[in-house]
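Asker: Here it is, the structure in full.
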Amino acid sequence: MVRVLIAGLVAMVIAVAVGPQFIEWLRRQSIGQHIREEMPAGHIVKQGTPTMGGLLILVAALVPAVIVSLYTIPGLTIMLATLGCALIGFTDDFLKVRRRRSLGLSGRWKMLGLVAITAGVGWATTRVGYMDTEIYFPLVDVNIDLHWLYFPFLFVVIAGTANGVNLTDGIDGLAAGTCAISIITLLAIAVIDWLRSADVVANRSEEYLDIAIVSAALIGGVIGFLWFNAFPAELFMGDTGSMALGGAIATLAILTETEVLLVFIGGIYLIEALSLMIQVASFKRTGKRVFLMAPIHHHFELKAWSHTKIMVRFWIVGAILCAVGFVLYYRYYLRFQL
């Protein structure tokens with residue numbers, strides 16, 4: 001447990017200590033956010049705010065994670081999947097900065113990158129022998145073996161979560177805060193699994209501990225980043241951060257075998273994605289919009305909610321949904337693990 005605490009605390013200290021110098025370096029390099037014309041009017045003042053803050057999260061989290069990691073397959077898988085998703089986001093951010101507009105990497109290349117990451121996670125979890133292809137559905141209390149469909153399912157989990165977090169990253173502190181809450185929930189699940197497995201299967205105990213170590217490091221990095229991202233933001237995470245955190249959350253859920261619970265643990269990202277899909281479908285079908293603007297946090301912006309009010313209320317909703325997910329885990333999953 002000491003390793004978990006060290007990873008989290010060191011990551012947070014690194015982010016807070018390095019943050020000011022990193023922000024100043026981004027300013028000198030003119031690496032700033034480009035705001036789309038269709039965004040709410042209040043966003044125009046954010047034009048030029050340093051972006052790619054996801055790099056700060058990654059460095060702060062991965063340095064202690066690498067140092068105290070037990071180097072198990074699950075721990076390495078989370079770190080590599082996070083880096084892979086971060087690379088996709090970094091490429092997108094880099095192209096936006098270079099072209100000086102809000103259009104970066106095309107959706108096709110993003111999907112290809114996510115397919116490659118899914119293949120890697122799928123190989124690590126099944127071919128290496130860490131997991132099988134069964135998915136447990138709580139409430140209905142059913143275990144279903146997806147066989148080859150397990151891999152498309154993993155793609156939906158990883159791509160859906162990464163893009164969901166990316167959509168949520170539209171207001172200062174919103175994505176960082178909700179991601180911290182989600183990862184804290186997954187950390188709690190990993191710690192419980194570790195404590196339960198300690199006297200049963202030694203190698204699984206190390207694997208769950210490694211998951212907890214990486215989770216704690218990510219939490220520390222995100223909280224340290226939030227120090228600079230709270231309204232009014234001095235630094236944006238960019239797609240580098242949102243894709244990385246989405247990939248990390250998805251992989252954590254896969255390796256704790258709680259993929260289905262992402263409906264709750266990642267509930268905010270699901271709501272944001274659904275609001276956009278509903279908006280697009282409604283406009284194409286009827287020519288009318290359901291929301292003033294999508295994703296839904298922009299709807300509340302246009303209803304004159306302050307950024308802080310939206311951020312805090314979304315955090316509260318996210319925490320409630322994570323609590324529901326954790327209760328379901330505690331009620332149903334413990335019987336089927338180990």
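Quick note on naming: the chains in the structure tokens go A, B, ... in the order shown, residues restart at 1 in each chain, and ligands are numbered from 1 in order of appearance.
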Using only C-alpha atoms, I'd like a table of the residues in stretch 198-311 of chain A that come within 10 Å of stretch 122-144 of chain A; for each, show the closest atom pair and its distance in Å rounded to one decimal, ordered by chain and ascending number, as JSON lines.

Answerer:
```
{"residue": "A:Arg204", "atom": "CA", "partner": "A:Tyr130", "partner_atom": "CA", "distance": 8.8}
{"residue": "A:Glu207", "atom": "CA", "partner": "A:Tyr130", "partner_atom": "CA", "distance": 9.3}
{"residue": "A:Ile254", "atom": "CA", "partner": "A:Thr125", "partner_atom": "CA", "distance": 8.5}
{"residue": "A:Leu255", "atom": "CA", "partner": "A:Thr125", "partner_atom": "CA", "distance": 7.5}
{"residue": "A:Thr256", "atom": "CA", "partner": "A:Met131", "partner_atom": "CA", "distance": 9.8}
{"residue": "A:Glu257", "atom": "CA", "partner": "A:Ile135", "partner_atom": "CA", "distance": 7.5}
{"residue": "A:Thr258", "atom": "CA", "partner": "A:Tyr136", "partner_atom": "CA", "distance": 7.9}
{"residue": "A:Glu259", "atom": "CA", "partner": "A:Ile135", "partner_atom": "CA", "distance": 7.8}
{"residue": "A:Val260", "atom": "CA", "partner": "A:Phe137", "partner_atom": "CA", "distance": 6.6}
{"residue": "A:Leu261", "atom": "CA", "partner": "A:Pro138", "partner_atom": "CA", "distance": 8.5}
```

Asker: Which residues, written as number ranges by chain, have at least one atom at most 9 Å from A:Phe291, with only C-alpha atoms counted and residues fewer than 2 positions away on the same chain left out?

Answerer: A: 275-276, 278-279, 289, 293-296, 298-299

Asker: Output all heavy atoms for every residue in the selection just made, as a PDB file, in the first residue's frame.

Answerer:
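Output saved as out_26.pdb:
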```
ATOM      1  N   SER A 275     -25.554  13.020 -25.774  1.00  0.00           N
ATOM      2  CA  SER A 275     -26.152  14.324 -26.081  1.00  0.00           C
ATOM      3  C   SER A 275     -25.764  14.780 -27.484  1.00  0.00           C
ATOM      4  O   SER A 275     -26.580  15.341 -28.217  1.00  0.00           O
ATOM      5  CB  SER A 275     -25.730  15.370 -25.046  1.00  0.00           C
ATOM      6  OG  SER A 275     -24.358  15.709 -25.164  1.00  0.00           O
ATOM      7  N   LEU A 276     -24.504  14.516 -27.864  1.00  0.00           N
ATOM      8  CA  LEU A 276     -24.056  14.891 -29.202  1.00  0.00           C
ATOM      9  C   LEU A 276     -24.742  14.037 -30.263  1.00  0.00           C
ATOM     10  O   LEU A 276     -25.189  14.553 -31.300  1.00  0.00           O
ATOM     11  CB  LEU A 276     -22.541  14.746 -29.303  1.00  0.00           C
ATOM     12  CG  LEU A 276     -21.917  15.162 -30.639  1.00  0.00           C
ATOM     13  CD1 LEU A 276     -22.184  16.633 -30.924  1.00  0.00           C
ATOM     14  CD2 LEU A 276     -20.412  14.887 -30.625  1.00  0.00           C
ATOM     15  N   ILE A 278     -27.646  12.502 -30.049  1.00  0.00           N
ATOM     16  CA  ILE A 278     -29.059  12.891 -30.101  1.00  0.00           C
ATOM     17  C   ILE A 278     -29.216  14.186 -30.894  1.00  0.00           C
ATOM     18  O   ILE A 278     -30.126  14.319 -31.724  1.00  0.00           O
ATOM     19  CB  ILE A 278     -29.630  13.052 -28.677  1.00  0.00           C
ATOM     20  CG1 ILE A 278     -29.735  11.685 -27.992  1.00  0.00           C
ATOM     21  CG2 ILE A 278     -30.998  13.734 -28.704  1.00  0.00           C
ATOM     22  CD1 ILE A 278     -30.033  11.764 -26.511  1.00  0.00           C
ATOM     23  N   GLN A 279     -28.315  15.136 -30.643  1.00  0.00           N
ATOM     24  CA  GLN A 279     -28.374  16.424 -31.344  1.00  0.00           C
ATOM     25  C   GLN A 279     -28.218  16.244 -32.847  1.00  0.00           C
ATOM     26  O   GLN A 279     -28.983  16.793 -33.646  1.00  0.00           O
ATOM     27  CB  GLN A 279     -27.282  17.344 -30.814  1.00  0.00           C
ATOM     28  CG  GLN A 279     -27.295  18.749 -31.378  1.00  0.00           C
ATOM     29  CD  GLN A 279     -28.200  19.663 -30.600  1.00  0.00           C
ATOM     30  OE1 GLN A 279     -29.269  19.250 -30.154  1.00  0.00           O
ATOM     31  NE2 GLN A 279     -27.803  20.909 -30.452  1.00  0.00           N
ATOM     32  N   ARG A 289     -32.999  21.203 -33.198  1.00  0.00           N
ATOM     33  CA  ARG A 289     -32.010  20.826 -32.193  1.00  0.00           C
ATOM     34  C   ARG A 289     -32.696  20.533 -30.856  1.00  0.00           C
ATOM     35  O   ARG A 289     -33.589  21.278 -30.449  1.00  0.00           O
ATOM     36  CB  ARG A 289     -30.980  21.931 -32.010  1.00  0.00           C
ATOM     37  CG  ARG A 289     -30.079  22.147 -33.226  1.00  0.00           C
ATOM     38  CD  ARG A 289     -29.092  23.284 -32.979  1.00  0.00           C
ATOM     39  NE  ARG A 289     -28.107  23.388 -34.038  1.00  0.00           N
ATOM     40  CZ  ARG A 289     -28.286  24.041 -35.178  1.00  0.00           C
ATOM     41  NH1 ARG A 289     -29.456  24.666 -35.397  1.00  0.00           N
ATOM     42  NH2 ARG A 289     -27.332  24.076 -36.093  1.00  0.00           N
ATOM     43  N   MET A 293     -26.871  23.631 -27.627  1.00  0.00           N
ATOM     44  CA  MET A 293     -25.603  23.264 -28.243  1.00  0.00           C
ATOM     45  C   MET A 293     -25.139  21.969 -27.610  1.00  0.00           C
ATOM     46  O   MET A 293     -25.417  21.712 -26.435  1.00  0.00           O
ATOM     47  CB  MET A 293     -24.554  24.371 -28.048  1.00  0.00           C
ATOM     48  CG  MET A 293     -23.275  24.152 -28.833  1.00  0.00           C
ATOM     49  SD  MET A 293     -22.160  25.577 -28.693  1.00  0.00           S
ATOM     50  CE  MET A 293     -20.808  25.011 -29.732  1.00  0.00           C
ATOM     51  N   ALA A 294     -24.467  21.133 -28.365  1.00  0.00           N
ATOM     52  CA  ALA A 294     -23.945  19.870 -27.848  1.00  0.00           C
ATOM     53  C   ALA A 294     -22.429  19.852 -28.018  1.00  0.00           C
ATOM     54  O   ALA A 294     -21.904  20.506 -28.928  1.00  0.00           O
ATOM     55  CB  ALA A 294     -24.582  18.694 -28.590  1.00  0.00           C
ATOM     56  N   PRO A 295     -21.719  19.105 -27.147  1.00  0.00           N
ATOM     57  CA  PRO A 295     -22.173  18.294 -26.019  1.00  0.00           C
ATOM     58  C   PRO A 295     -22.913  19.111 -24.964  1.00  0.00           C
ATOM     59  O   PRO A 295     -22.841  20.323 -24.963  1.00  0.00           O
ATOM     60  CB  PRO A 295     -20.888  17.677 -25.459  1.00  0.00           C
ATOM     61  CG  PRO A 295     -19.886  17.786 -26.564  1.00  0.00           C
ATOM     62  CD  PRO A 295     -20.242  19.028 -27.313  1.00  0.00           C
ATOM     63  N   ILE A 296     -23.544  18.419 -24.043  1.00  0.00           N
ATOM     64  CA  ILE A 296     -24.546  19.024 -23.185  1.00  0.00           C
ATOM     65  C   ILE A 296     -23.996  20.103 -22.252  1.00  0.00           C
ATOM     66  O   ILE A 296     -24.750  20.992 -21.839  1.00  0.00           O
ATOM     67  CB  ILE A 296     -25.278  17.924 -22.378  1.00  0.00           C
ATOM     68  CG1 ILE A 296     -26.574  18.477 -21.789  1.00  0.00           C
ATOM     69  CG2 ILE A 296     -24.359  17.296 -21.340  1.00  0.00           C
ATOM     70  CD1 ILE A 296     -27.489  17.412 -21.211  1.00  0.00           C
ATOM     71  N   HIS A 298     -22.219  22.537 -23.054  1.00  0.00           N
ATOM     72  CA  HIS A 298     -22.388  23.808 -23.770  1.00  0.00           C
ATOM     73  C   HIS A 298     -23.844  24.286 -23.715  1.00  0.00           C
ATOM     74  O   HIS A 298     -24.100  25.489 -23.753  1.00  0.00           O
ATOM     75  CB  HIS A 298     -21.940  23.661 -25.223  1.00  0.00           C
ATOM     76  CG  HIS A 298     -20.464  23.474 -25.378  1.00  0.00           C
ATOM     77  ND1 HIS A 298     -19.540  24.233 -24.701  1.00  0.00           N
ATOM     78  CD2 HIS A 298     -19.754  22.595 -26.143  1.00  0.00           C
ATOM     79  CE1 HIS A 298     -18.316  23.848 -25.046  1.00  0.00           C
ATOM     80  NE2 HIS A 298     -18.424  22.850 -25.903  1.00  0.00           N
ATOM     81  N   HIS A 299     -24.776  23.354 -23.630  1.00  0.00           N
ATOM     82  CA  HIS A 299     -26.188  23.704 -23.485  1.00  0.00           C
ATOM     83  C   HIS A 299     -26.381  24.532 -22.209  1.00  0.00           C
ATOM     84  O   HIS A 299     -27.064  25.564 -22.214  1.00  0.00           O
ATOM     85  CB  HIS A 299     -27.030  22.423 -23.421  1.00  0.00           C
ATOM     86  CG  HIS A 299     -28.465  22.636 -23.053  1.00  0.00           C
ATOM     87  ND1 HIS A 299     -29.409  23.056 -23.969  1.00  0.00           N
ATOM     88  CD2 HIS A 299     -29.110  22.490 -21.868  1.00  0.00           C
ATOM     89  CE1 HIS A 299     -30.586  23.148 -23.361  1.00  0.00           C
ATOM     90  NE2 HIS A 299     -30.427  22.819 -22.083  1.00  0.00           N
TER      91      HIS A 299
END
```

Asker: Write down as a PyMOL selection string the residues of stretch 36-250 of chain A whose backbone DSSP state falls under strand (DSSP E or B).

Answerer: chain A and resi 50+134-137+142-145

Asker: Calculated over only C-alpha atoms, which of the candidates A:Phe283, A:Trp109, A:Phe90, A:Phe225 has the smallest distance to A:Thr240?

Answerer: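 Result for the nearest residue to A:Thr240: A:Phe90.
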
Asker: Go through A:Pro152, A:Leu55, A:Ser197, A:Leu245 one by one, measure the shortest atom-to-atom distance of each to A:Gly164 using only C-alpha atoms, and give the residue with the smallest value.

Answerer: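 For A:Gly164, the nearest of the candidates is A:Leu245.
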
Asker: For each of A:Ile181, A:Ala233, A:Ala162, A:Leu87, take the minimum atom-to-atom distance to A:Gly220, counting only C-alpha atoms, then give the residue where this is smallest.

Answerer: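 Going through A:Ile181, A:Ala233, A:Ala162, A:Leu87 one by one, the smallest distance to A:Gly220 is for A:Ile181.
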